[in-house]
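Trainee: The structure follows.
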Amino acid sequence: MSEEHNIYGSPPGTGITLPPYYLPTPSVKNKNNYFPQSEPLGPDEMRIIFMGSQPWPPRLTQAGTCIMVELGNGKRFFFDFGPGCLRNIITNQVPVPEINDIFLTHLHLDHYADIPYLWQFAPFNGRWKPLCIIGPSSSRPELGTKAMCEHMTKMGLWTSMQAQGMPLADAYEIDVTEFDFRDDGGVCYDKDGVKVTHWRRSHAADGASAYRLDWNGLAFVWTGDGKPDNLTAQYAKGVDVFVTEMAVDNVTLWGLKQGVSPFIGAFTLDNFHTTHYAAGYLANLIQPRLAMACHISFDRELVGEMMAGVRMHYAGMFAFGIDHTVVNVTRDRVWIREAALPETTNTARASAEWLLQNQFDGKMPQPVMASNPFLPIQEQFVRDQEIDPSLFTPKDQMRQWAHPLPPKFPMDPASLQGMQPPPHKE
Ligand SMILES: [Zn+2]
Ligand SMILES: [Zn+2]
């Protein structure tokens with residue numbers, strides 16, 4: 001006879017791992033799917049959307065790791081920003097200027113490679129204030145978050161030089177908060193009732209960190225990469241949603257199917273990552289309301305194996321946090337769905353109110369004179385080779401002011417931001 005039983009004491013028909021609080025929160029309109037921009041969060045609610053979940057290889061179904069946490073007070077936070085996540089964030093209709101406050105667990109590229117892409121295009125969509133990145137220092141300055149941002153800015157010179165002299169030039173600055181990686185339990189964000197703390201993780205180099213976000217009696221933890229450890233067991237104890245990285249220990253299959261050297265597979269797992277057994281072990285120490293695994297190659301053939309590993313040690317509620325998984329959390333409920341997303345969409349507009357408050361400090365921006373950033377950076381000879389636009393542009397579509405751009409020109413932030421309608425020509 002089986003010893004398995006529902007640890008929450010739930011009756012027949014409710015599964016053996018699902019708690020009685022696994023219920024849709026009041027804000028949930030469709031119990032099966034989350035439709036972006038269709039559900040205002042409750043004032044005491046947290047919503048977590050997995051915007052990417054894969055270390056390697058990138059897949060049509062899995063982008064690089066990124067977890068978005070939204071709070072009922074209107075704030076949004078991003079934990080890691082792996083390659084491909086931006087596409088998911090945009091598809092979820094998060095207005096681009098609102099993609100800010102990015103927390104990096106460490107500086108392996110699978111955790112931040114989409115930042116340069118965001119950095120280039122966010123000003124185009126109206127974020128004219130610096131990008132806020134929060135991340136760890138390291139025992140060597142060149143391994144810290146500040147150094148990474150400086151190097152990225154240099155790498156992106158083609159982009160930032162085109163903004164020089166324009167009022168959006170500030171958007172190419174990066175507002176880096178580099179915290180002392182050794183300050184376990186230290187606070188790296190404390191605003192509007194939201195507190196984010198961090199601690200060290202055993203992974204690859206000094207600086208690898210985990211985060212815990214606390215707000216309004218709810219807590220979320222993202223471990224980032226690393227071996228299962230006592231600090232995580234301590235700081236994540238009893239959180240509502242505990243998200244750990246997880247790697248299935250099956251180096252034999254990595255070799256057979258993907259050509260990964262068994263030595264390199266074993267070396268990577270044993271020195272840097274949390275195996276499926278370890279994820280269950282850690283979850284059992286932490287006893288969250290919901291344990292999740294992200295940063296996981298979600299191979300369908302291995303779901304059974306992954307669960308068997310987790311269930312060796314942990315009997316509570318568990319789910320995979322892979323792309324498009326949406327979790328709603330209140331103090332007495334947790335609900336998991338998949339986002340229903342269109343294959344094609346565009347960037348959502350930030351509201352005029354949001355822009356006014358967050359970009360212009362509540363004051364309607366006035367027109368300014370900007371200077372032509374292109375003048376010094378391309379030789380006149382090449383410009384002179386351009387075919388006269390009047391030869392191919394319909395007469396009534398010819399703009400006089402935009403080409404060639406004069407050395408100085410007026411720029412109206414308000415109209416560019418959609419804060420007031422552009423002038424309409426009768
Ligand atoms: Zn990683
Ligand atoms: Zn890593």
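Simple scheme: letters A, B, ... for chains in structure tokens order, numbers from 1 for residues in each chain, numbers from 1 for ligands in the order shown.
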DSSP on the backbone: what in range 264-332 of chain A comes out helix (DSSP H, G or I), as a PyMOL selection string?
Mentor: chain A and resi 264-272+276-286+300-311
Trainee: Which residues are near Arg212 in chain A? Cut-off 6 Å, only C-alpha atoms, ignore same chain within fewer than 6 positions. Put them as a PyMOL selection string.
Mentor: chain A and resi 196-197+220-221
Trainee: Which protein, DNA or RNA residues have an atom within 10 Å of ligand 2, counting only C-alpha atoms and all ligand atoms, as a ChimeraX atom specification?
Mentor: /A:55,105-111,203-205,208,224-226,245,268,272-273,295
Trainee: Determine which residues of range 127-314 of chain A DSSP labels as strand (DSSP E or B) from the backbone of this structure, then write them out as a PDB file with N, CA and C atoms, in the first residue's frame.
Mentor:
```
ATOM      1  N   LEU A 131      18.715  53.796 -17.421  1.00  0.00           N
ATOM      2  CA  LEU A 131      18.310  52.421 -17.130  1.00  0.00           C
ATOM      3  C   LEU A 131      18.845  52.055 -15.748  1.00  0.00           C
ATOM      4  N   CYS A 132      17.985  51.505 -14.896  1.00  0.00           N
ATOM      5  CA  CYS A 132      18.411  51.155 -13.533  1.00  0.00           C
ATOM      6  C   CYS A 132      18.763  49.681 -13.448  1.00  0.00           C
ATOM      7  N   ILE A 133      20.014  49.427 -13.143  1.00  0.00           N
ATOM      8  CA  ILE A 133      20.479  48.045 -13.002  1.00  0.00           C
ATOM      9  C   ILE A 133      21.068  47.861 -11.612  1.00  0.00           C
ATOM     10  N   ILE A 134      20.658  46.815 -10.965  1.00  0.00           N
ATOM     11  CA  ILE A 134      21.135  46.520  -9.625  1.00  0.00           C
ATOM     12  C   ILE A 134      21.831  45.159  -9.679  1.00  0.00           C
ATOM     13  N   GLY A 135      23.040  45.121  -9.164  1.00  0.00           N
ATOM     14  CA  GLY A 135      23.758  43.848  -9.229  1.00  0.00           C
ATOM     15  C   GLY A 135      24.950  43.848  -8.296  1.00  0.00           C
ATOM     16  N   PRO A 136      25.577  42.688  -8.165  1.00  0.00           N
ATOM     17  CA  PRO A 136      26.643  42.524  -7.179  1.00  0.00           C
ATOM     18  C   PRO A 136      27.998  43.096  -7.607  1.00  0.00           C
ATOM     19  N   ILE A 174      23.592  54.606 -17.491  1.00  0.00           N
ATOM     20  CA  ILE A 174      23.068  53.500 -16.687  1.00  0.00           C
ATOM     21  C   ILE A 174      23.233  53.858 -15.220  1.00  0.00           C
ATOM     22  N   ASP A 175      22.108  53.761 -14.531  1.00  0.00           N
ATOM     23  CA  ASP A 175      22.100  54.044 -13.109  1.00  0.00           C
ATOM     24  C   ASP A 175      22.359  52.706 -12.401  1.00  0.00           C
ATOM     25  N   VAL A 176      23.639  52.468 -12.085  1.00  0.00           N
ATOM     26  CA  VAL A 176      24.016  51.156 -11.518  1.00  0.00           C
ATOM     27  C   VAL A 176      24.054  51.215 -10.005  1.00  0.00           C
ATOM     28  N   THR A 177      23.378  50.309  -9.380  1.00  0.00           N
ATOM     29  CA  THR A 177      23.535  50.117  -7.941  1.00  0.00           C
ATOM     30  C   THR A 177      24.325  48.829  -7.765  1.00  0.00           C
ATOM     31  N   GLU A 178      25.598  48.996  -7.426  1.00  0.00           N
ATOM     32  CA  GLU A 178      26.425  47.800  -7.219  1.00  0.00           C
ATOM     33  C   GLU A 178      26.564  47.580  -5.719  1.00  0.00           C
ATOM     34  N   PHE A 179      25.946  46.521  -5.225  1.00  0.00           N
ATOM     35  CA  PHE A 179      25.999  46.280  -3.781  1.00  0.00           C
ATOM     36  C   PHE A 179      27.197  45.401  -3.444  1.00  0.00           C
ATOM     37  N   GLY A 186      21.906  41.817   3.128  1.00  0.00           N
ATOM     38  CA  GLY A 186      21.884  43.266   2.919  1.00  0.00           C
ATOM     39  C   GLY A 186      20.733  43.676   2.016  1.00  0.00           C
ATOM     40  N   VAL A 187      20.309  44.941   2.180  1.00  0.00           N
ATOM     41  CA  VAL A 187      19.181  45.456   1.402  1.00  0.00           C
ATOM     42  C   VAL A 187      19.727  46.215   0.189  1.00  0.00           C
ATOM     43  N   CYS A 188      19.329  45.828  -1.007  1.00  0.00           N
ATOM     44  CA  CYS A 188      19.821  46.526  -2.202  1.00  0.00           C
ATOM     45  C   CYS A 188      18.715  47.348  -2.861  1.00  0.00           C
ATOM     46  N   TYR A 189      17.515  47.284  -2.328  1.00  0.00           N
ATOM     47  CA  TYR A 189      16.406  48.111  -2.843  1.00  0.00           C
ATOM     48  C   TYR A 189      15.414  48.274  -1.707  1.00  0.00           C
ATOM     49  N   ASP A 190      14.999  49.525  -1.447  1.00  0.00           N
ATOM     50  CA  ASP A 190      14.054  49.781  -0.355  1.00  0.00           C
ATOM     51  C   ASP A 190      13.251  51.023  -0.703  1.00  0.00           C
ATOM     52  N   LYS A 191      12.119  50.827  -1.361  1.00  0.00           N
ATOM     53  CA  LYS A 191      11.306  51.942  -1.844  1.00  0.00           C
ATOM     54  C   LYS A 191       9.855  51.511  -1.888  1.00  0.00           C
ATOM     55  N   VAL A 194       8.725  48.202  -0.771  1.00  0.00           N
ATOM     56  CA  VAL A 194       9.330  47.014  -1.383  1.00  0.00           C
ATOM     57  C   VAL A 194      10.778  46.911  -0.908  1.00  0.00           C
ATOM     58  N   LYS A 195      11.127  45.762  -0.384  1.00  0.00           N
ATOM     59  CA  LYS A 195      12.499  45.560   0.085  1.00  0.00           C
ATOM     60  C   LYS A 195      13.098  44.368  -0.647  1.00  0.00           C
ATOM     61  N   VAL A 196      14.281  44.559  -1.212  1.00  0.00           N
ATOM     62  CA  VAL A 196      14.965  43.434  -1.856  1.00  0.00           C
ATOM     63  C   VAL A 196      16.281  43.195  -1.124  1.00  0.00           C
ATOM     64  N   THR A 197      16.474  41.966  -0.685  1.00  0.00           N
ATOM     65  CA  THR A 197      17.725  41.596  -0.022  1.00  0.00           C
ATOM     66  C   THR A 197      18.484  40.580  -0.878  1.00  0.00           C
ATOM     67  N   HIS A 198      19.747  40.403  -0.563  1.00  0.00           N
ATOM     68  CA  HIS A 198      20.584  39.512  -1.379  1.00  0.00           C
ATOM     69  C   HIS A 198      21.521  38.720  -0.490  1.00  0.00           C
ATOM     70  N   TRP A 199      22.032  37.627  -1.009  1.00  0.00           N
ATOM     71  CA  TRP A 199      23.059  36.863  -0.321  1.00  0.00           C
ATOM     72  C   TRP A 199      23.898  36.108  -1.350  1.00  0.00           C
ATOM     73  N   ARG A 200      25.066  35.644  -0.876  1.00  0.00           N
ATOM     74  CA  ARG A 200      26.020  35.005  -1.789  1.00  0.00           C
ATOM     75  C   ARG A 200      25.577  33.603  -2.179  1.00  0.00           C
ATOM     76  N   SER A 209      24.793  35.944  -6.684  1.00  0.00           N
ATOM     77  CA  SER A 209      23.881  36.307  -5.598  1.00  0.00           C
ATOM     78  C   SER A 209      22.493  35.757  -5.833  1.00  0.00           C
ATOM     79  N   ALA A 210      21.742  35.645  -4.729  1.00  0.00           N
ATOM     80  CA  ALA A 210      20.307  35.332  -4.791  1.00  0.00           C
ATOM     81  C   ALA A 210      19.565  36.568  -4.291  1.00  0.00           C
ATOM     82  N   TYR A 211      18.281  36.676  -4.655  1.00  0.00           N
ATOM     83  CA  TYR A 211      17.469  37.815  -4.216  1.00  0.00           C
ATOM     84  C   TYR A 211      16.200  37.348  -3.529  1.00  0.00           C
ATOM     85  N   ARG A 212      15.776  38.161  -2.579  1.00  0.00           N
ATOM     86  CA  ARG A 212      14.469  37.976  -1.957  1.00  0.00           C
ATOM     87  C   ARG A 212      13.749  39.319  -1.988  1.00  0.00           C
ATOM     88  N   LEU A 213      12.535  39.315  -2.525  1.00  0.00           N
ATOM     89  CA  LEU A 213      11.712  40.525  -2.557  1.00  0.00           C
ATOM     90  C   LEU A 213      10.601  40.381  -1.526  1.00  0.00           C
ATOM     91  N   ASP A 214      10.477  41.363  -0.637  1.00  0.00           N
ATOM     92  CA  ASP A 214       9.413  41.378   0.375  1.00  0.00           C
ATOM     93  C   ASP A 214       8.544  42.599   0.175  1.00  0.00           C
ATOM     94  N   TRP A 215       7.255  42.381   0.144  1.00  0.00           N
ATOM     95  CA  TRP A 215       6.303  43.493   0.036  1.00  0.00           C
ATOM     96  C   TRP A 215       4.962  43.073   0.613  1.00  0.00           C
ATOM     97  N   LEU A 218       4.151  39.554   1.499  1.00  0.00           N
ATOM     98  CA  LEU A 218       4.416  38.504   0.517  1.00  0.00           C
ATOM     99  C   LEU A 218       5.912  38.488   0.209  1.00  0.00           C
ATOM    100  N   ALA A 219       6.448  37.299  -0.052  1.00  0.00           N
ATOM    101  CA  ALA A 219       7.877  37.216  -0.348  1.00  0.00           C
ATOM    102  C   ALA A 219       8.144  36.264  -1.508  1.00  0.00           C
ATOM    103  N   PHE A 220       9.099  36.687  -2.323  1.00  0.00           N
ATOM    104  CA  PHE A 220       9.507  35.927  -3.513  1.00  0.00           C
ATOM    105  C   PHE A 220      11.016  35.782  -3.477  1.00  0.00           C
ATOM    106  N   VAL A 221      11.510  34.602  -3.829  1.00  0.00           N
ATOM    107  CA  VAL A 221      12.964  34.387  -3.901  1.00  0.00           C
ATOM    108  C   VAL A 221      13.346  33.833  -5.259  1.00  0.00           C
ATOM    109  N   TRP A 222      14.389  34.412  -5.836  1.00  0.00           N
ATOM    110  CA  TRP A 222      15.022  33.838  -7.018  1.00  0.00           C
ATOM    111  C   TRP A 222      16.474  33.569  -6.658  1.00  0.00           C
ATOM    112  N   VAL A 241       6.834  32.271  -2.560  1.00  0.00           N
ATOM    113  CA  VAL A 241       7.238  31.615  -3.807  1.00  0.00           C
ATOM    114  C   VAL A 241       8.764  31.524  -3.833  1.00  0.00           C
ATOM    115  N   PHE A 242       9.250  30.304  -3.853  1.00  0.00           N
ATOM    116  CA  PHE A 242      10.687  30.053  -3.897  1.00  0.00           C
ATOM    117  C   PHE A 242      11.033  29.511  -5.279  1.00  0.00           C
ATOM    118  N   VAL A 243      11.836  30.266  -6.019  1.00  0.00           N
ATOM    119  CA  VAL A 243      12.222  29.814  -7.357  1.00  0.00           C
ATOM    120  C   VAL A 243      13.710  29.484  -7.334  1.00  0.00           C
ATOM    121  N   THR A 244      14.014  28.256  -7.643  1.00  0.00           N
ATOM    122  CA  THR A 244      15.425  27.843  -7.691  1.00  0.00           C
ATOM    123  C   THR A 244      15.807  27.495  -9.119  1.00  0.00           C
ATOM    124  N   GLU A 245      17.069  27.647  -9.414  1.00  0.00           N
ATOM    125  CA  GLU A 245      17.553  27.080 -10.673  1.00  0.00           C
ATOM    126  C   GLU A 245      17.557  25.562 -10.523  1.00  0.00           C
ATOM    127  N   ALA A 247      19.044  21.857 -12.617  1.00  0.00           N
ATOM    128  CA  ALA A 247      19.647  21.162 -13.754  1.00  0.00           C
ATOM    129  C   ALA A 247      19.492  19.676 -13.527  1.00  0.00           C
ATOM    130  N   THR A 275      21.093  20.241  -8.784  1.00  0.00           N
ATOM    131  CA  THR A 275      20.476  19.107  -9.482  1.00  0.00           C
ATOM    132  C   THR A 275      19.013  18.969  -9.072  1.00  0.00           C
ATOM    133  N   LEU A 290       4.898  27.790  -2.411  1.00  0.00           N
ATOM    134  CA  LEU A 290       5.053  27.232  -3.759  1.00  0.00           C
ATOM    135  C   LEU A 290       6.536  27.189  -4.099  1.00  0.00           C
ATOM    136  N   ALA A 291       7.028  26.008  -4.472  1.00  0.00           N
ATOM    137  CA  ALA A 291       8.413  25.892  -4.935  1.00  0.00           C
ATOM    138  C   ALA A 291       8.395  25.778  -6.456  1.00  0.00           C
ATOM    139  N   MET A 292       9.338  26.476  -7.105  1.00  0.00           N
ATOM    140  CA  MET A 292       9.378  26.430  -8.567  1.00  0.00           C
ATOM    141  C   MET A 292      10.809  26.226  -9.039  1.00  0.00           C
ATOM    142  N   ALA A 293      10.922  25.665 -10.239  1.00  0.00           N
ATOM    143  CA  ALA A 293      12.235  25.528 -10.855  1.00  0.00           C
ATOM    144  C   ALA A 293      12.255  26.343 -12.146  1.00  0.00           C
ATOM    145  N   CYS A 294      13.306  27.144 -12.278  1.00  0.00           N
ATOM    146  CA  CYS A 294      13.512  27.939 -13.494  1.00  0.00           C
ATOM    147  C   CYS A 294      14.966  27.690 -13.914  1.00  0.00           C
TER     148      CYS A 294
END
```
Trainee: Please provide as number ranges by chain all residues within 12 Å of range 35-40 of chain A, with the sequence filter that same-chain residues fewer than 4 positions apart are discarded (counting only C-alpha atoms).
Mentor: A: 25-31, 44-47, 49, 70-74, 88-95, 324-326, 328, 337-342, 345, 348-350
Trainee: Of the residues A:Pro141, A:Pro12, A:Gly52, A:Gly42, which is the one nearest to ligand 1, using only C-alpha atoms and all ligand atoms?
Mentor: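 Going through A:Pro141, A:Pro12, A:Gly52, A:Gly42 one by one, the smallest distance to ligand 1 is for A:Gly52.
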Trainee: Please list as a PyMOL selection string every residue within 8 Å of Val334 in chain A, counting only C-alpha atoms and excluding residues in the same chain fewer than 2 positions away.
Mentor: chain A and resi 21-25+290+327-330+332+336
Trainee: As a list in words, please: the residues near Ser137 in chain A (cut-off 9 Å, only C-alpha atoms, same-chain neighbours under 2 positions excluded).
Mentor: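 The residues satisfying every condition are Gly135, Ser139, Arg140, Pro141, Glu142, Leu143, Gly144, Thr145, Lys146, Glu178, Phe179, Asp180, Phe181, Arg182, Asp206, Gly207 and Ala208 of chain A.
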Trainee: Report the distance between CA of Ala279 in chain A and CA of Lys75 in chain A in Å, rounded to one decimal place.
Mentor: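 Pair CA of Ala279 in chain A / CA of Lys75 in chain A returns 29.3 Å.
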Trainee: In terms of the shortest atom-to-atom distance over only C-alpha atoms, which of A:Met306, A:Leu282, A:Ile115, A:Ile7 is closest to Met155 in chain A?
Mentor: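 Answer, going by the shortest atom-to-atom distance: A:Ile115.
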Trainee: Near Gln234 in chain A, counting only C-alpha atoms, which residues have an atom at most 9 Å away, once you skip same-chain residues fewer than 3 positions from it, shown as a list in words?
Mentor: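 Once the nearby chain positions are removed, what remains is Asp229, Asn230, Leu231, Lys237, Leu285 and Ile286 of chain A.
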Trainee: Using only C-alpha atoms and all ligand atoms, which of the listed residues (A:Ile377, A:Ile48, A:Leu41, A:Leu269) sits closest to ligand 1?
Mentor: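 Going through A:Ile377, A:Ile48, A:Leu41, A:Leu269 one by one, the smallest distance to ligand 1 is for A:Leu269.
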Trainee: Just checking: using only C-alpha atoms, which residue out of A:Gly316, A:Gly64, A:Gly13, A:Gly217 ends up closest to Gly193 in chain A?
Mentor: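 Using only C-alpha atoms, Gly193 in chain A sits closest to A:Gly217.
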Trainee: Rounded to one decimal, what separation in Å do you get between CA of Gly362 in chain A and CA of Trp128 in chain A?
Mentor: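 If I compute the distance from CA of Gly362 in chain A to CA of Trp128 in chain A, I get 14.3 Å.
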Trainee: For a quick check of understanding, using only C-alpha atoms, which of A:Phe50, A:Tyr8, A:Tyr34, A:Tyr235 has the smallest distance to Phe320 in chain A?
Mentor: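 Smallest distance to Phe320 in chain A is found for A:Phe50.
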Trainee: Could you state the separation of CA of Asp270 in chain A and CA of Lys227 in chain A in Å, given to one decimal place?
Mentor: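 Interatomic distance, CA of Asp270 in chain A to CA of Lys227 in chain A: 8.0 Å.
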Trainee: List the spatial neighbours of range 379-387 of chain A as a PDB file with N, CA and C atoms, in the first residue's frame - criterion: any atom at most 12 Å away, only C-alpha atoms, same-chain residues fewer than 6 positions off excluded.
Mentor:
```
ATOM      1  N   THR A 393       9.538  60.401 -53.326  1.00  0.00           N
ATOM      2  CA  THR A 393       8.529  60.630 -52.292  1.00  0.00           C
ATOM      3  C   THR A 393       7.349  61.409 -52.858  1.00  0.00           C
ATOM      4  N   HIS A 403      14.895  66.197 -43.053  1.00  0.00           N
ATOM      5  CA  HIS A 403      16.014  65.784 -43.902  1.00  0.00           C
ATOM      6  C   HIS A 403      16.380  66.894 -44.879  1.00  0.00           C
ATOM      7  N   PRO A 404      17.587  67.327 -44.917  1.00  0.00           N
ATOM      8  CA  PRO A 404      18.636  66.956 -43.967  1.00  0.00           C
ATOM      9  C   PRO A 404      18.398  67.650 -42.632  1.00  0.00           C
ATOM     10  N   LEU A 405      18.763  66.989 -41.580  1.00  0.00           N
ATOM     11  CA  LEU A 405      18.571  67.538 -40.240  1.00  0.00           C
ATOM     12  C   LEU A 405      19.496  68.741 -40.069  1.00  0.00           C
TER      13      LEU A 405
END
```
Trainee: Restricting the calculation to only C-alpha atoms and all ligand atoms: of A:Val303, A:Ala169, A:Met312, A:Ala113, which residue gets closest to ligand 1?
Mentor: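 Of all the options, A:Ala113 lies closest to ligand 1.
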